[in-house]
Amino acid sequence: MSADSTLSKKSPPIAGTASSGETAAGSATAQETTAQETTGAPVTQGELIRFDHVTKRFGENTVLDSLDFRVFPGKHVTLIGPSGSGKTTILRLLMTLLKPDEGTITVGGEYLNHEKKNGRLVPASEKHIREVRKNIGMVFQQFNLFPNMKVLRNVTEAPVQVLGLSRDEADERARELLELVGLGDRCDAYPSQLSGGQQQRVAIARALAMRPKVLLLDEVTSALDPELVQGVLDLLRDIAHTTDVTMLCVTHEMGFARDVSDCVMMFDQGKVIEFGHPDKMFSDPENERTKEFLSAVL
Amino acid sequence: MSEISPGLWELLLKGVWITVQLTVYSAALGAAVAFGVGLARAHRLWIVRFVAGTYFEVFRGTSALILMFWIFFVLPLGFGWQLVPMWAAVLALGLTYGAYGSEVVRGAVAAVAKGQREAGIALSFTPAQQLRKIVLPQAWPEMIPPFNNLLVELLKGTALVSIMGVADIAFGASLVRNATGQSAPVYTVILLMYFVLAAVLTRGMRVLERRAKAGIGQKQPERTFPRRSRERVPVGGESR
Ligand SMILES: Nc1ncnc2c1ncn2[C@@H]1O[C@H](COP(=O)(O)OP(=O)(O)OP(=O)(O)O)[C@@H](O)[C@H]1O
Ligand SMILES: [Mg+2]
């Protein structure tokens, strides 16, 4: 798999393009805008995630500044950048834990925060958001397992309540997933009885149980004791290589990023300043700030 | 001064039963109000929060006694029917202690880690499912100790009803005292009765708390007086 992008560096970053006939950013954006106005639908070129001019502010602080990027199905994209550059914000926007101030996000061709009413884009209802959101799973830095449920229940509750699976079906699938993450024998433990690494594996199983198209991973190993990090990364590597789930991850583990990503995007000051295949990005970055950043972390 | 006859003792025991009933009914109403108002105070619609907040302020700021009189004497003027004193008392106590309890519910719900709700959102639970499956089960054990305090307060608060002629413990006590002229034994006995009732309630709540905590994988609540504190770490700069 490679991000066969023949783009000029100015066009919106495309993680693993399907088509190579892209033009430079200016004209592409103009075309899209026209298309959007005439058909009332975003131009979907098979991309799974698409940010269009997304701006996010916290008070005076503009964290994302008219951000554009796309991610194609099955690709693994790593977001890197200095602390405070908005990586977490991007994932939280996708997870609808935050709302963009401007711009639109689409997931699988559906607007995430908007709905079309009489040909106009209006803020989406809770229900619409929930529907689109079912495509997205997230693993948090702090695991956030439900302490009031045993491990198995943590994994089955959402499939049962949200997807409407029967208990038996959900149990069976959860056991498979827990087996996959190496915790098949801890179904009856409470999260508080597990190590951080084990909790994070359960959290990964819990997210996968919803069969998401996209998995968001925000520094999922940074709360772990050093000796537990590798196991979790190996698991994620496994998942990346054996499933077709799309991954969007924020990580400081550059070795991992190099192994699994199809595309690395470097953020700074609310913009994507450089992106490309990890081999290129890590060995021969072009942007000065990328060079500085990478020399500090590698 | 005359002896306290068995019949008079029986009067006191009947009083205990009335007090227990008052406590149970008021607590049931109070709990319903506490959850309703407490959750409404954290609702995402401001109007719901506003109404619930107003309820809380009003009922916290009025005395249960006056409210009881008001329900008993003033309400009938408007509605044309009068509650029996017992139910007027239950209503007054339940609404008042429910307001206090709403603060407990609101606080405990707010204290559930933010990440828990976020995980709920990430799994596409509806707000109601998040509340039922995630937030309340975690908040509940935290509510029990303050609820216990309120419950004991409520128990003692039920003595107000004797003013309206409901034959609870306090009412029985004044009857017996009037009949025999013996203040000391009578009031000592009812002091003990309230104490025993409160102890029973507290015991029950402890059991509830332990169950609730076990149900979410936590260990027993800490002892009131720890035998030894393991977590005390000497802080630098201590000179003794
Ligand atoms: N809820 C919030 N309220 C106000 N400001 C916020 C909030 N969340 C994030 N910010 C600000 O937004 C900016 C971007 O934060 P974000 O968490 O996305 O950065 P990040 O790239 O994930 O950084 P890190 O590598 O440290 O995790 C920061 O300046 C932060 O202070
Ligand atoms: Mg972050």
# chains A, B, ... in the order shown; residues from 1 in each chain; ligands from 1

$ residues_near_ligand --ligand "ligand 1" --cutoff "10 Å" --atoms "only C-alpha atoms and all ligand atoms" --output "PyMOL selection string"
chain A and resi 56-64+79-93+97-98+141+218-219+250-252+267-270

$ residues_around --residues "B:Met164" --least-positions-apart "2" --cutoff "9 Å" --atoms "only C-alpha atoms" --output "PyMOL selection string"
chain B and resi 69+85-86+89+160-162+166-167

$ write_last_selection --atoms "N, CA and C atoms" --output "PDB file, in the first residue's frame"
ATOM      1  N   PHE B  69     -47.761  22.968  57.364  1.00  0.00           N
ATOM      2  CA  PHE B  69     -48.946  23.756  57.721  1.00  0.00           C
ATOM      3  C   PHE B  69     -49.624  24.287  56.467  1.00  0.00           C
ATOM      4  N   PRO B  85     -53.517  14.700  58.022  1.00  0.00           N
ATOM      5  CA  PRO B  85     -52.243  15.249  58.500  1.00  0.00           C
ATOM      6  C   PRO B  85     -51.046  14.389  58.118  1.00  0.00           C
ATOM      7  N   MET B  86     -51.227  13.079  58.206  1.00  0.00           N
ATOM      8  CA  MET B  86     -50.135  12.172  57.885  1.00  0.00           C
ATOM      9  C   MET B  86     -49.607  12.420  56.476  1.00  0.00           C
ATOM     10  N   ALA B  89     -47.917  15.688  55.962  1.00  0.00           N
ATOM     11  CA  ALA B  89     -46.555  15.631  56.504  1.00  0.00           C
ATOM     12  C   ALA B  89     -45.617  14.926  55.527  1.00  0.00           C
ATOM     13  N   LEU B 160     -41.856  16.608  63.673  1.00  0.00           N
ATOM     14  CA  LEU B 160     -42.691  17.788  63.430  1.00  0.00           C
ATOM     15  C   LEU B 160     -44.181  17.461  63.414  1.00  0.00           C
ATOM     16  N   VAL B 161     -44.491  16.245  62.954  1.00  0.00           N
ATOM     17  CA  VAL B 161     -45.902  15.934  62.733  1.00  0.00           C
ATOM     18  C   VAL B 161     -46.695  15.873  64.033  1.00  0.00           C
ATOM     19  N   SER B 162     -45.990  15.676  65.138  1.00  0.00           N
ATOM     20  CA  SER B 162     -46.721  15.589  66.400  1.00  0.00           C
ATOM     21  C   SER B 162     -47.486  16.881  66.666  1.00  0.00           C
ATOM     22  N   VAL B 166     -50.444  13.998  64.668  1.00  0.00           N
ATOM     23  CA  VAL B 166     -50.179  12.647  64.168  1.00  0.00           C
ATOM     24  C   VAL B 166     -49.460  11.896  65.287  1.00  0.00           C
ATOM     25  N   ALA B 167     -49.932  10.680  65.555  1.00  0.00           N
ATOM     26  CA  ALA B 167     -49.470   9.986  66.759  1.00  0.00           C
ATOM     27  C   ALA B 167     -48.143   9.274  66.559  1.00  0.00           C
TER      28      ALA B 167
END

$ interface_residues --of "chain A" --to "chain B" --cutoff "7 Å" --atoms "only C-alpha atoms" --output "PyMOL selection string"
chain A and resi 95+97+130+133-134+137-138+144+146-149+158+162+190+192

$ atom_distance --atom1 "atom CA of A:Lys291" --atom2 "atom CA of A:Glu274"
10.4 Å

$ residues_around --residues "A:Tyr111" --least-positions-apart "3" --cutoff "12 Å" --atoms "only C-alpha atoms" --output "number ranges by chain"
A: 40-44, 48-52, 94, 96, 103-108, 114-116, 121-125, 128-133

$ select_by_dssp --residues "stretch 89-205 of chain A" --states "alpha helix (DSSP H)" --output "JSON list (two decimals) with N, CA and C atoms, in the first residue's frame"
[["chain", "number", "residue", "atom", "x", "y", "z"],
["A", 89, "THR", "N", -7.75, 17.55, 18.92],
["A", 89, "THR", "CA", -8.95, 18.28, 18.51],
["A", 89, "THR", "C", -9.56, 17.66, 17.25],
["A", 90, "ILE", "N", -8.71, 17.26, 16.32],
["A", 90, "ILE", "CA", -9.21, 16.64, 15.09],
["A", 90, "ILE", "C", -9.97, 15.35, 15.41],
["A", 91, "LEU", "N", -9.37, 14.52, 16.25],
["A", 91, "LEU", "CA", -10.03, 13.25, 16.60],
["A", 91, "LEU", "C", -11.33, 13.51, 17.36],
["A", 92, "ARG", "N", -11.31, 14.50, 18.23],
["A", 92, "ARG", "CA", -12.51, 14.78, 19.02],
["A", 92, "ARG", "C", -13.62, 15.38, 18.15],
["A", 93, "LEU", "N", -13.23, 16.10, 17.12],
["A", 93, "LEU", "CA", -14.23, 16.60, 16.17],
["A", 93, "LEU", "C", -14.90, 15.42, 15.46],
["A", 94, "LEU", "N", -14.07, 14.46, 15.05],
["A", 94, "LEU", "CA", -14.61, 13.30, 14.35],
["A", 94, "LEU", "C", -15.51, 12.47, 15.27],
["A", 126, "GLU", "N", -29.50, 15.07, 16.97],
["A", 126, "GLU", "CA", -28.77, 14.07, 17.76],
["A", 126, "GLU", "C", -28.78, 12.71, 17.06],
["A", 127, "LYS", "N", -29.96, 12.37, 16.54],
["A", 127, "LYS", "CA", -30.15, 11.05, 15.96],
["A", 127, "LYS", "C", -29.26, 10.86, 14.72],
["A", 128, "HIS", "N", -29.25, 11.90, 13.88],
["A", 128, "HIS", "CA", -28.42, 11.82, 12.68],
["A", 128, "HIS", "C", -26.95, 11.67, 13.06],
["A", 129, "ILE", "N", -26.53, 12.48, 14.02],
["A", 129, "ILE", "CA", -25.14, 12.41, 14.47],
["A", 129, "ILE", "C", -24.81, 11.02, 14.95],
["A", 130, "ARG", "N", -25.75, 10.44, 15.73],
["A", 130, "ARG", "CA", -25.50, 9.12, 16.28],
["A", 130, "ARG", "C", -25.35, 8.07, 15.18],
["A", 131, "GLU", "N", -26.20, 8.20, 14.16],
["A", 131, "GLU", "CA", -26.15, 7.25, 13.05],
["A", 131, "GLU", "C", -24.79, 7.31, 12.36],
["A", 132, "VAL", "N", -24.36, 8.51, 11.99],
["A", 132, "VAL", "CA", -23.10, 8.65, 11.28],
["A", 132, "VAL", "C", -21.94, 8.22, 12.17],
["A", 133, "ARG", "N", -22.07, 8.52, 13.45],
["A", 133, "ARG", "CA", -21.01, 8.24, 14.40],
["A", 133, "ARG", "C", -20.77, 6.74, 14.61],
["A", 151, "VAL", "N", -15.28, -7.02, 32.26],
["A", 151, "VAL", "CA", -14.63, -6.88, 30.97],
["A", 151, "VAL", "C", -15.56, -7.27, 29.81],
["A", 152, "LEU", "N", -16.19, -8.43, 29.93],
["A", 152, "LEU", "CA", -17.04, -8.90, 28.84],
["A", 152, "LEU", "C", -18.16, -7.90, 28.57],
["A", 153, "ARG", "N", -18.75, -7.43, 29.65],
["A", 153, "ARG", "CA", -19.87, -6.49, 29.54],
["A", 153, "ARG", "C", -19.42, -5.17, 28.90],
["A", 154, "ASN", "N", -18.22, -4.73, 29.24],
["A", 154, "ASN", "CA", -17.68, -3.53, 28.62],
["A", 154, "ASN", "C", -17.71, -3.66, 27.10],
["A", 155, "VAL", "N", -17.40, -4.87, 26.64],
["A", 155, "VAL", "CA", -17.31, -5.08, 25.19],
["A", 155, "VAL", "C", -18.68, -5.32, 24.57],
["A", 156, "THR", "N", -19.60, -5.93, 25.33],
["A", 156, "THR", "CA", -20.88, -6.30, 24.71],
["A", 156, "THR", "C", -21.96, -5.22, 24.83],
["A", 157, "GLU", "N", -21.82, -4.33, 25.81],
["A", 157, "GLU", "CA", -22.93, -3.43, 26.12],
["A", 157, "GLU", "C", -23.38, -2.60, 24.91],
["A", 158, "ALA", "N", -22.42, -1.98, 24.24],
["A", 158, "ALA", "CA", -22.80, -1.13, 23.12],
["A", 158, "ALA", "C", -23.37, -1.94, 21.94],
["A", 159, "PRO", "N", -22.75, -3.06, 21.57],
["A", 159, "PRO", "CA", -23.37, -3.85, 20.51],
["A", 159, "PRO", "C", -24.81, -4.24, 20.83],
["A", 160, "VAL", "N", -25.07, -4.56, 22.09],
["A", 160, "VAL", "CA", -26.43, -4.95, 22.46],
["A", 160, "VAL", "C", -27.36, -3.73, 22.46],
["A", 161, "GLN", "N", -26.96, -2.68, 23.16],
["A", 161, "GLN", "CA", -27.83, -1.53, 23.33],
["A", 161, "GLN", "C", -27.96, -0.69, 22.06],
["A", 167, "ARG", "N", -27.81, -10.81, 23.20],
["A", 167, "ARG", "CA", -26.73, -11.02, 24.17],
["A", 167, "ARG", "C", -25.78, -12.13, 23.72],
["A", 168, "ASP", "N", -26.35, -13.23, 23.26],
["A", 168, "ASP", "CA", -25.53, -14.37, 22.89],
["A", 168, "ASP", "C", -24.57, -14.03, 21.77],
["A", 169, "GLU", "N", -25.14, -13.36, 20.78],
["A", 169, "GLU", "CA", -24.35, -12.98, 19.63],
["A", 169, "GLU", "C", -23.21, -12.06, 20.07],
["A", 170, "ALA", "N", -23.59, -11.07, 20.88],
["A", 170, "ALA", "CA", -22.60, -10.08, 21.34],
["A", 170, "ALA", "C", -21.53, -10.75, 22.20],
["A", 171, "ASP", "N", -21.97, -11.68, 23.06],
["A", 171, "ASP", "CA", -21.02, -12.39, 23.91],
["A", 171, "ASP", "C", -20.01, -13.15, 23.07],
["A", 172, "GLU", "N", -20.53, -13.84, 22.08],
["A", 172, "GLU", "CA", -19.67, -14.68, 21.27],
["A", 172, "GLU", "C", -18.61, -13.83, 20.58],
["A", 173, "ARG", "N", -19.08, -12.74, 20.00],
["A", 173, "ARG", "CA", -18.17, -11.87, 19.28],
["A", 173, "ARG", "C", -17.17, -11.22, 20.23],
["A", 174, "ALA", "N", -17.66, -10.84, 21.42],
["A", 174, "ALA", "CA", -16.78, -10.20, 22.39],
["A", 174, "ALA", "C", -15.68, -11.16, 22.83],
["A", 175, "ARG", "N", -16.07, -12.43, 23.02],
["A", 175, "ARG", "CA", -15.07, -13.41, 23.43],
["A", 175, "ARG", "C", -14.00, -13.58, 22.35],
["A", 176, "GLU", "N", -14.43, -13.58, 21.11],
["A", 176, "GLU", "CA", -13.46, -13.66, 20.01],
["A", 176, "GLU", "C", -12.50, -12.48, 20.06],
["A", 177, "LEU", "N", -13.08, -11.30, 20.24],
["A", 177, "LEU", "CA", -12.24, -10.11, 20.25],
["A", 177, "LEU", "C", -11.29, -10.11, 21.44],
["A", 178, "LEU", "N", -11.82, -10.54, 22.60],
["A", 178, "LEU", "CA", -10.96, -10.56, 23.78],
["A", 178, "LEU", "C", -9.85, -11.59, 23.61],
["A", 179, "GLU", "N", -10.18, -12.66, 22.90],
["A", 179, "GLU", "CA", -9.16, -13.65, 22.57],
["A", 179, "GLU", "C", -8.08, -12.99, 21.70],
["A", 180, "LEU", "N", -8.56, -12.24, 20.72],
["A", 180, "LEU", "CA", -7.64, -11.56, 19.80],
["A", 180, "LEU", "C", -6.69, -10.62, 20.54],
["A", 196, "GLY", "N", -2.81, -1.48, 33.27],
["A", 196, "GLY", "CA", -3.11, -0.48, 32.26],
["A", 196, "GLY", "C", -3.09, -1.05, 30.85],
["A", 197, "GLY", "N", -2.08, -1.87, 30.59],
["A", 197, "GLY", "CA", -1.97, -2.45, 29.25],
["A", 197, "GLY", "C", -3.15, -3.34, 28.92],
["A", 198, "GLN", "N", -3.56, -4.12, 29.94],
["A", 198, "GLN", "CA", -4.73, -4.99, 29.72],
["A", 198, "GLN", "C", -5.99, -4.16, 29.51],
["A", 199, "GLN", "N", -6.13, -3.09, 30.31],
["A", 199, "GLN", "CA", -7.31, -2.24, 30.15],
["A", 199, "GLN", "C", -7.35, -1.65, 28.76],
["A", 200, "GLN", "N", -6.19, -1.24, 28.27],
["A", 200, "GLN", "CA", -6.19, -0.63, 26.95],
["A", 200, "GLN", "C", -6.54, -1.66, 25.88],
["A", 201, "ARG", "N", -6.13, -2.91, 26.07],
["A", 201, "ARG", "CA", -6.52, -3.95, 25.11],
["A", 201, "ARG", "C", -8.02, -4.15, 25.12],
["A", 202, "VAL", "N", -8.59, -4.14, 26.32],
["A", 202, "VAL", "CA", -10.05, -4.28, 26.40],
["A", 202, "VAL", "C", -10.71, -3.11, 25.68],
["A", 203, "ALA", "N", -10.16, -1.92, 25.88],
["A", 203, "ALA", "CA", -10.73, -0.74, 25.23],
["A", 203, "ALA", "C", -10.67, -0.88, 23.71],
["A", 204, "ILE", "N", -9.61, -1.47, 23.23],
["A", 204, "ILE", "CA", -9.48, -1.69, 21.78],
["A", 204, "ILE", "C", -10.53, -2.70, 21.32],
["A", 205, "ALA", "N", -10.69, -3.78, 22.10],
["A", 205, "ALA", "CA", -11.71, -4.77, 21.76],
["A", 205, "ALA", "C", -13.10, -4.13, 21.79]]

$ residues_around --residues "B:Val84" --least-positions-apart "3" --cutoff "8 Å" --atoms "only C-alpha atoms" --output "MDAnalysis selection string"
chainID B and resid 72 87:88

$ atom_distance --atom1 "atom CA of A:Val264" --atom2 "atom CA of A:Pro278"
5.6 Å
